[in-house]
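Visitor: Sharing a structure below in structure tokens format, with a few things to ask.
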Amino acid sequence: MSTEQKRNNTSSRVTRHASLHFPYQLFIALRYLKSRKRHRSVSFNTAISIGGVALGVMALLVVLSVMSGFHEDLQRKILGVNAHIVILDYKGTIENHENIIEKIRGEKDIVSASPFVLGQVMVSFGSKGQGVYLRGINPATEEKTTDIAKHLKEGRLSDLDEKDGLPGIILGKELANRLGVFRNDAITILSPTGEIGPLGMLPKVKSFKVVGIFEVGMFEYDSNLVVTGLKPAQDFFKLGDSVTGIEVRISDIYKAGDVRERIQKILGYPYHARDWMQMNKNLFSALRLEKFAMFVILVLIILVASFNIVSTLIMNVIEKQREIAILKTMGATNSGIMAIFMFQGFIIGLIGTIIGLVSGYALSYVLNTYQIIKLPPDIYYLSHLPVKMKLSDFLSVSLSAILISFLSTIYPAWQAAKLNPIEPLRYE
């Protein structure tokens, strides 16, 4: 085909689509995604570029969803056993806990408050024993303050009342399995700090009846926590009417810092309040840092895919030298030529991002629904790989992928724009 025929054909196509208010740069960019039959490698490279972006977006979305799932699952399990805010006394124990609860009861955002006792003990059954934390709670108010009742596999919190002459106790599933304990078995609780006798310090020993089993799904709690009634715990530790602290539940867990400060102002010294974010600061800070690190690392996959876009566009510029020269002779500006190839790279990045979004969502949904990947709970605190898809993650990944793809088009487009139209047409 002669140069004149090419010019006429190109002119007619551009004129026809311009009349439809369709930018000629975008029209030509779409045509350039399909190469000539004798240059199929360019179309193949385009597919590879799209696939690279899609793979990078999919991998990044799945990893971020898993990290968000870890964060939310740990948060849910920690708050399932612990209160949102804990009030303590610098002196060690709180004597007038009823008055303190009454002071903060009407405070905004506070849902409920409940006293508790906490201490380290040894639990034994037969020849087996293990060190655990013994928590004494008020069953009537605990259900309103924490979600531990929702994690009960056997029994109820109301069963902690004394039965058959023994106070009730609830064990974590891992601890019960390790000791070989079942419901209605009697276990022994020992504390090394007891009364002083002729031979020195005598340990305190008391029998409890197992009335329930709970499973939080977090190994640390399921293997190291036992729960009993408030009064038996006070008697065992010889606290009288004193308690270790007061648990507070609020309506919005993310307002814990503000509510804690208000409680601190109301109570003053010697009381001090701590919220759940303070008590687990190191854990959640590590998760946020790891999530950010994984985001940065996996963005490199998209960067690698952007190099494919660069090479594809450069090959396209080389292939389309004559067409670029014809467009310039017809009056196309350098900015117009740049727009053609920037549109082309942008479309490649956009298609790859859309495919990656769909694939990432589908894979995350499968992992979350069917729990395909199981985890050892004693190492990861979790029994399966959690997945939480967040709109913010999808938006940040999409914008990052499209931006990187767009930036990768600048150099090839600039090379096309500065092409001298005389050389390609010299021998036509």
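Labels for the structure tokens follow display order: chains A, B, ..., residues from 1 in each chain, ligands from 1.
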Report as a tab-separated table the residues of range 23-133 of chain A within 10 Å of range 365-379 of chain A, each with its shortest atom pair and distance in Å (one decimal), using only C-alpha atoms, ordered by chain and increasing residue number.
Guide:
```
residue	atom	partner	partner_atom	distance
A:Val62	CA	A:Leu367	CA	9.3
A:Ser65	CA	A:Asn368	CA	9.7
A:Val66	CA	A:Asn368	CA	9.1
A:Gly69	CA	A:Asn368	CA	9.1
```
Visitor: Would you save the residues from that selection as a compact mmCIF listing (two decimals), in the first residue's frame, using C-alpha atoms?
Guide:
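The result, written out as out_39.txt:
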```txt
# COMPACT_ATOMS: atom_id res chain seq x y z
CA VAL A 62 -4.79 -11.60 48.70
CA SER A 65 -6.70 -9.34 52.84
CA VAL A 66 -4.95 -12.07 54.82
CA GLY A 69 -7.91 -10.93 58.50
```
Visitor: Write out as a list in words the residues lying within 9 Å of Leu357 in chain A, counting only C-alpha atoms and excluding same-chain residues fewer than 6 positions away.
Guide: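 That gives Ala54, Val57, Met58, Leu61, Phe394, Val397 and Ser398 of chain A.
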Visitor: Could you give me, as CSV, every range 224-343 of chain A residue with an atom at most 7 Å from range 164-181 of chain A, plus its closest atom pair and distance in Å to one decimal, counting only C-alpha atoms, rows ordered by chain then number?
Guide:
```
residue,atom,partner,partner_atom,distance
A:Asn224,CA,A:Leu175,CA,6.8
A:Leu225,CA,A:Gly172,CA,6.3
A:Val226,CA,A:Leu171,CA,4.7
A:Val227,CA,A:Ile170,CA,5.0
A:Thr228,CA,A:Ile169,CA,4.5
A:Pro232,CA,A:Pro167,CA,6.6
```
Visitor: Restricted to C-alpha atoms, what would the selected residues look like written as an mmCIF file, in the first residue's frame?
Guide:
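Resulting contents of out.cif:
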```
data_model
loop_
_atom_site.group_PDB
_atom_site.id
_atom_site.type_symbol
_atom_site.label_atom_id
_atom_site.label_comp_id
_atom_site.auth_asym_id
_atom_site.auth_seq_id
_atom_site.Cartn_x
_atom_site.Cartn_y
_atom_site.Cartn_z
ATOM 1 C CA ASN A 224 -3.525 -20.642 80.063
ATOM 2 C CA LEU A 225 -6.809 -19.329 81.467
ATOM 3 C CA VAL A 226 -9.351 -20.713 83.936
ATOM 4 C CA VAL A 227 -12.460 -18.856 85.073
ATOM 5 C CA THR A 228 -14.359 -19.130 88.355
ATOM 6 C CA PRO A 232 -14.430 -18.171 95.312
#
```
Visitor: Quick one: residues within 7 Å of range 81-84 of chain A, only C-alpha atoms counted, chain neighbours fewer than 2 positions away excluded, as a list of chain:residue names?
Guide: A:Lys77, A:Ile78, A:Leu79, A:Val86, A:Thr145, A:Thr146, A:Asp147, A:Ile148, A:Glu247, A:Val248, A:Arg249, A:Ile250, A:Ile253, A:Ala256, A:Asp275, A:Trp276
Visitor: What does the file look like for those residues with N, CA and C atoms, as a compact mmCIF listing (two decimals), in the first residue's frame?
Guide:
```txt
# COMPACT_ATOMS: atom_id res chain seq x y z
N LYS A 77 -10.72 -12.03 68.98
CA LYS A 77 -10.48 -13.05 70.00
C LYS A 77 -9.94 -12.45 71.29
N ILE A 78 -9.11 -11.44 71.16
CA ILE A 78 -8.61 -10.78 72.37
C ILE A 78 -9.75 -10.09 73.11
N LEU A 79 -10.61 -9.40 72.38
CA LEU A 79 -11.74 -8.72 73.01
C LEU A 79 -12.85 -9.69 73.40
N VAL A 86 -9.72 -1.52 81.28
CA VAL A 86 -9.53 -2.11 82.60
C VAL A 86 -9.09 -1.01 83.57
N THR A 145 -20.13 -7.52 79.78
CA THR A 145 -18.84 -6.82 79.71
C THR A 145 -17.88 -7.45 78.72
N THR A 146 -17.83 -8.78 78.65
CA THR A 146 -16.98 -9.49 77.68
C THR A 146 -17.82 -10.49 76.91
N ASP A 147 -17.21 -11.09 75.90
CA ASP A 147 -17.91 -12.07 75.06
C ASP A 147 -17.50 -13.50 75.38
N ILE A 148 -16.99 -13.73 76.58
CA ILE A 148 -16.51 -15.07 76.90
C ILE A 148 -17.64 -16.10 76.88
N GLU A 247 -13.55 -4.25 84.90
CA GLU A 247 -13.63 -4.33 83.44
C GLU A 247 -14.74 -3.41 82.94
N VAL A 248 -14.46 -2.70 81.84
CA VAL A 248 -15.43 -1.76 81.28
C VAL A 248 -15.65 -2.09 79.81
N ARG A 249 -16.89 -2.15 79.42
CA ARG A 249 -17.25 -2.35 78.01
C ARG A 249 -17.84 -1.05 77.47
N ILE A 250 -17.43 -0.68 76.24
CA ILE A 250 -17.91 0.56 75.62
C ILE A 250 -18.62 0.24 74.31
N ILE A 253 -15.37 0.34 70.13
CA ILE A 253 -14.04 -0.06 70.61
C ILE A 253 -12.95 0.92 70.18
N ALA A 256 -11.92 3.81 72.60
CA ALA A 256 -11.41 3.37 73.90
C ALA A 256 -10.44 4.39 74.50
N ASP A 275 -6.64 0.83 78.12
CA ASP A 275 -7.56 0.31 77.11
C ASP A 275 -6.92 -0.85 76.36
N TRP A 276 -7.73 -1.53 75.55
CA TRP A 276 -7.27 -2.74 74.86
C TRP A 276 -6.16 -2.46 73.86
```
Visitor: DSSP says helix (DSSP H, G or I) for which residues of range 212-320 of chain A? Put them as an NGL selection string?
Guide: :A and (219-224 or 230-237 or 253-267 or 276-279 or 281-319)
Visitor: Please produce a file of the residues just selected, as a PDB file, in the first residue's frame, where the atoms kept are C-alpha atoms.
Guide:
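Result file is part05.pdb:
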```pdb
ATOM      1  CA  PHE A 219      -3.928 -20.879  71.947  1.00  0.00           C
ATOM      2  CA  GLU A 220      -2.691 -18.427  74.571  1.00  0.00           C
ATOM      3  CA  TYR A 221      -6.132 -18.207  76.191  1.00  0.00           C
ATOM      4  CA  ASP A 222      -7.347 -21.745  75.546  1.00  0.00           C
ATOM      5  CA  SER A 223      -4.321 -23.205  77.348  1.00  0.00           C
ATOM      6  CA  ASN A 224      -3.525 -20.642  80.063  1.00  0.00           C
ATOM      7  CA  LEU A 230     -15.820 -13.771  91.958  1.00  0.00           C
ATOM      8  CA  LYS A 231     -16.411 -14.881  95.546  1.00  0.00           C
ATOM      9  CA  PRO A 232     -14.430 -18.171  95.312  1.00  0.00           C
ATOM     10  CA  ALA A 233     -11.517 -16.279  93.768  1.00  0.00           C
ATOM     11  CA  GLN A 234     -11.612 -13.625  96.513  1.00  0.00           C
ATOM     12  CA  ASP A 235     -11.647 -16.342  99.162  1.00  0.00           C
ATOM     13  CA  PHE A 236      -8.805 -18.263  97.522  1.00  0.00           C
ATOM     14  CA  PHE A 237      -6.541 -15.207  97.298  1.00  0.00           C
ATOM     15  CA  ILE A 253     -14.037  -0.058  70.607  1.00  0.00           C
ATOM     16  CA  TYR A 254     -12.174   2.596  68.602  1.00  0.00           C
ATOM     17  CA  LYS A 255     -13.181   5.262  71.123  1.00  0.00           C
ATOM     18  CA  ALA A 256     -11.409   3.373  73.904  1.00  0.00           C
ATOM     19  CA  GLY A 257      -8.637   5.976  74.163  1.00  0.00           C
ATOM     20  CA  ASP A 258     -11.050   8.896  74.657  1.00  0.00           C
ATOM     21  CA  VAL A 259     -13.212   6.988  77.152  1.00  0.00           C
ATOM     22  CA  ARG A 260     -10.113   5.886  79.071  1.00  0.00           C
ATOM     23  CA  GLU A 261      -8.963   9.499  79.442  1.00  0.00           C
ATOM     24  CA  ARG A 262     -12.386  10.563  80.691  1.00  0.00           C
ATOM     25  CA  ILE A 263     -12.440   7.725  83.234  1.00  0.00           C
ATOM     26  CA  GLN A 264      -8.968   8.696  84.398  1.00  0.00           C
ATOM     27  CA  LYS A 265     -10.099  12.305  85.003  1.00  0.00           C
ATOM     28  CA  ILE A 266     -13.174  11.157  86.930  1.00  0.00           C
ATOM     29  CA  LEU A 267     -11.347   8.719  89.215  1.00  0.00           C
ATOM     30  CA  TRP A 276      -7.274  -2.739  74.864  1.00  0.00           C
ATOM     31  CA  MET A 277      -5.093  -0.933  72.328  1.00  0.00           C
ATOM     32  CA  GLN A 278      -2.540  -0.039  75.008  1.00  0.00           C
ATOM     33  CA  MET A 279      -2.456  -3.558  76.425  1.00  0.00           C
ATOM     34  CA  LYS A 281       0.092  -2.247  71.400  1.00  0.00           C
ATOM     35  CA  ASN A 282       3.171  -4.288  70.452  1.00  0.00           C
ATOM     36  CA  LEU A 283       1.152  -7.019  68.759  1.00  0.00           C
ATOM     37  CA  PHE A 284      -1.012  -4.736  66.635  1.00  0.00           C
ATOM     38  CA  SER A 285       1.895  -2.408  65.816  1.00  0.00           C
ATOM     39  CA  ALA A 286       3.846  -5.403  64.513  1.00  0.00           C
ATOM     40  CA  LEU A 287       0.886  -6.476  62.374  1.00  0.00           C
ATOM     41  CA  ARG A 288       0.513  -2.991  60.871  1.00  0.00           C
ATOM     42  CA  LEU A 289       4.223  -2.809  60.121  1.00  0.00           C
ATOM     43  CA  GLU A 290       4.195  -6.259  58.533  1.00  0.00           C
ATOM     44  CA  LYS A 291       1.192  -5.350  56.403  1.00  0.00           C
ATOM     45  CA  PHE A 292       2.931  -2.203  55.158  1.00  0.00           C
ATOM     46  CA  ALA A 293       6.126  -4.152  54.433  1.00  0.00           C
ATOM     47  CA  MET A 294       4.218  -6.759  52.438  1.00  0.00           C
ATOM     48  CA  PHE A 295       2.493  -3.978  50.489  1.00  0.00           C
ATOM     49  CA  VAL A 296       5.843  -2.440  49.543  1.00  0.00           C
ATOM     50  CA  ILE A 297       7.393  -5.794  48.619  1.00  0.00           C
ATOM     51  CA  LEU A 298       4.500  -6.963  46.477  1.00  0.00           C
ATOM     52  CA  VAL A 299       4.223  -3.643  44.688  1.00  0.00           C
ATOM     53  CA  LEU A 300       7.538  -4.697  43.142  1.00  0.00           C
ATOM     54  CA  ILE A 301       5.593  -7.331  41.181  1.00  0.00           C
ATOM     55  CA  ILE A 302       3.551  -4.544  39.608  1.00  0.00           C
ATOM     56  CA  LEU A 303       6.764  -2.606  38.951  1.00  0.00           C
ATOM     57  CA  VAL A 304       8.174  -5.619  37.101  1.00  0.00           C
ATOM     58  CA  ALA A 305       4.977  -5.772  35.064  1.00  0.00           C
ATOM     59  CA  SER A 306       5.411  -2.079  34.258  1.00  0.00           C
ATOM     60  CA  PHE A 307       8.739  -2.888  32.591  1.00  0.00           C
ATOM     61  CA  ASN A 308       6.808  -5.236  30.323  1.00  0.00           C
ATOM     62  CA  ILE A 309       4.534  -2.325  29.443  1.00  0.00           C
ATOM     63  CA  VAL A 310       7.573  -0.181  28.646  1.00  0.00           C
ATOM     64  CA  SER A 311       9.076  -2.839  26.361  1.00  0.00           C
ATOM     65  CA  THR A 312       5.720  -3.456  24.667  1.00  0.00           C
ATOM     66  CA  LEU A 313       5.228   0.224  23.927  1.00  0.00           C
ATOM     67  CA  ILE A 314       8.803   0.639  22.650  1.00  0.00           C
ATOM     68  CA  MET A 315       8.286  -2.286  20.262  1.00  0.00           C
ATOM     69  CA  ASN A 316       5.021  -0.710  19.184  1.00  0.00           C
ATOM     70  CA  VAL A 317       6.745   2.593  18.527  1.00  0.00           C
ATOM     71  CA  ILE A 318       9.318   0.831  16.363  1.00  0.00           C
ATOM     72  CA  GLU A 319       6.610  -1.044  14.464  1.00  0.00           C
TER      73      GLU A 319
END
```
Visitor: Using the chain letters and numbers from this document, which residues of range 116-355 of chain A does DSSP assign to strand (DSSP E), as an NGL selection string?
Guide: :A and (116-125 or 128-137 or 152-154 or 168-172 or 186-191 or 196-197 or 200-201 or 204-214 or 225-229 or 245-250 or 271-275)
Visitor: Write out as a PyMOL selection string the residues lying within 8 Å of range 30-33 of chain A, counting only C-alpha atoms and excluding same-chain residues fewer than 4 positions away.
Guide: chain A and resi 26+43+46+316+344
Visitor: For Ser335 in chain A, work out the shell of residues within 12 Å, counting only C-alpha atoms and skipping chain neighbours fewer than 5 positions away, then give it as a list in words.
Guide: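 Residues meeting the cut-off are Gln25, Lys328, Ile340, Phe341, Met342, Phe343, Ile410, Ala413, Trp414, Gln415, Ala416, Ala417 and Lys418 of chain A.
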Visitor: Interatomic distance between CA of Lys388 in chain A and CA of Met67 in chain A?
Guide: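 Interatomic distance here is 7.9 Å.
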Visitor: I'd like the neighbourhood of Ala149 in chain A as a PyMOL selection string, where a residue qualifies if any of its atoms comes within 12 Å (using only C-alpha atoms), though same-chain residues fewer than 6 positions away should be ignored.
Guide: chain A and resi 80-82+137+139-143+155-159+170+212-216+227
Visitor: Residues near Glu102 in chain A, anyone? I mean within 12 Å using only C-alpha atoms, not counting same-chain ones fewer than 4 positions away, as a PDB file with N, CA and C atoms, in the first residue's frame.
Guide:
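Contents of selection32.pdb, as written:
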```pdb
ATOM      1  N   ASN A  96     -13.221  -0.459  97.125  1.00  0.00           N
ATOM      2  CA  ASN A  96     -14.584   0.086  96.986  1.00  0.00           C
ATOM      3  C   ASN A  96     -15.043   0.038  95.532  1.00  0.00           C
ATOM      4  N   HIS A  97     -15.027  -1.142  94.944  1.00  0.00           N
ATOM      5  CA  HIS A  97     -15.325  -1.240  93.517  1.00  0.00           C
ATOM      6  C   HIS A  97     -16.770  -0.873  93.197  1.00  0.00           C
ATOM      7  N   GLU A  98     -17.716  -1.062  94.149  1.00  0.00           N
ATOM      8  CA  GLU A  98     -19.102  -0.682  93.875  1.00  0.00           C
ATOM      9  C   GLU A  98     -19.230   0.823  93.669  1.00  0.00           C
ATOM     10  N   GLY A 106     -22.809   6.223  84.414  1.00  0.00           N
ATOM     11  CA  GLY A 106     -23.547   7.113  83.539  1.00  0.00           C
ATOM     12  C   GLY A 106     -22.700   7.817  82.504  1.00  0.00           C
ATOM     13  N   GLU A 107     -21.413   7.496  82.438  1.00  0.00           N
ATOM     14  CA  GLU A 107     -20.512   8.160  81.489  1.00  0.00           C
ATOM     15  C   GLU A 107     -20.868   7.760  80.059  1.00  0.00           C
ATOM     16  N   ILE A 110     -20.117   4.258  77.749  1.00  0.00           N
ATOM     17  CA  ILE A 110     -19.896   3.086  78.602  1.00  0.00           C
ATOM     18  C   ILE A 110     -21.166   2.242  78.642  1.00  0.00           C
ATOM     19  N   SER A 112     -21.257  -1.193  80.137  1.00  0.00           N
ATOM     20  CA  SER A 112     -21.329  -1.943  81.391  1.00  0.00           C
ATOM     21  C   SER A 112     -19.968  -1.975  82.064  1.00  0.00           C
ATOM     22  N   ALA A 113     -19.958  -2.362  83.325  1.00  0.00           N
ATOM     23  CA  ALA A 113     -18.726  -2.491  84.094  1.00  0.00           C
ATOM     24  C   ALA A 113     -18.878  -3.650  85.055  1.00  0.00           C
ATOM     25  N   SER A 114     -17.792  -4.374  85.297  1.00  0.00           N
ATOM     26  CA  SER A 114     -17.861  -5.561  86.143  1.00  0.00           C
ATOM     27  C   SER A 114     -16.527  -5.760  86.858  1.00  0.00           C
ATOM     28  N   PRO A 115     -16.533  -6.124  88.156  1.00  0.00           N
ATOM     29  CA  PRO A 115     -15.277  -6.372  88.881  1.00  0.00           C
ATOM     30  C   PRO A 115     -14.685  -7.733  88.517  1.00  0.00           C
ATOM     31  N   ILE A 246     -11.476  -3.507  87.569  1.00  0.00           N
ATOM     32  CA  ILE A 246     -12.838  -3.391  87.032  1.00  0.00           C
ATOM     33  C   ILE A 246     -12.763  -3.392  85.515  1.00  0.00           C
ATOM     34  N   ILE A 266     -12.125  11.315  85.918  1.00  0.00           N
ATOM     35  CA  ILE A 266     -13.174  11.157  86.930  1.00  0.00           C
ATOM     36  C   ILE A 266     -12.623  10.518  88.201  1.00  0.00           C
ATOM     37  N   LEU A 267     -11.823   9.471  88.050  1.00  0.00           N
ATOM     38  CA  LEU A 267     -11.347   8.719  89.215  1.00  0.00           C
ATOM     39  C   LEU A 267     -10.106   9.325  89.850  1.00  0.00           C
TER      40      LEU A 267
END
```
Visitor: Which residue out of A:Gly360, A:Gly352, A:Pro192, A:Pro421 has the minimum interatomic distance to Val123 in chain A when only C-alpha atoms are used?
Guide: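 The closest residue to Val123 in chain A is A:Pro192.
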Visitor: Measuring between only C-alpha atoms, which one of A:Leu160, A:Ala339, A:Met218, A:Met389 shows the shortest distance to Gln75 in chain A?
Guide: A:Met218
Visitor: Rounded to one decimal in Å, what is the spacing between CA of Phe116 in chain A and CA of Thr244 in chain A?
Guide: 6.0 Å
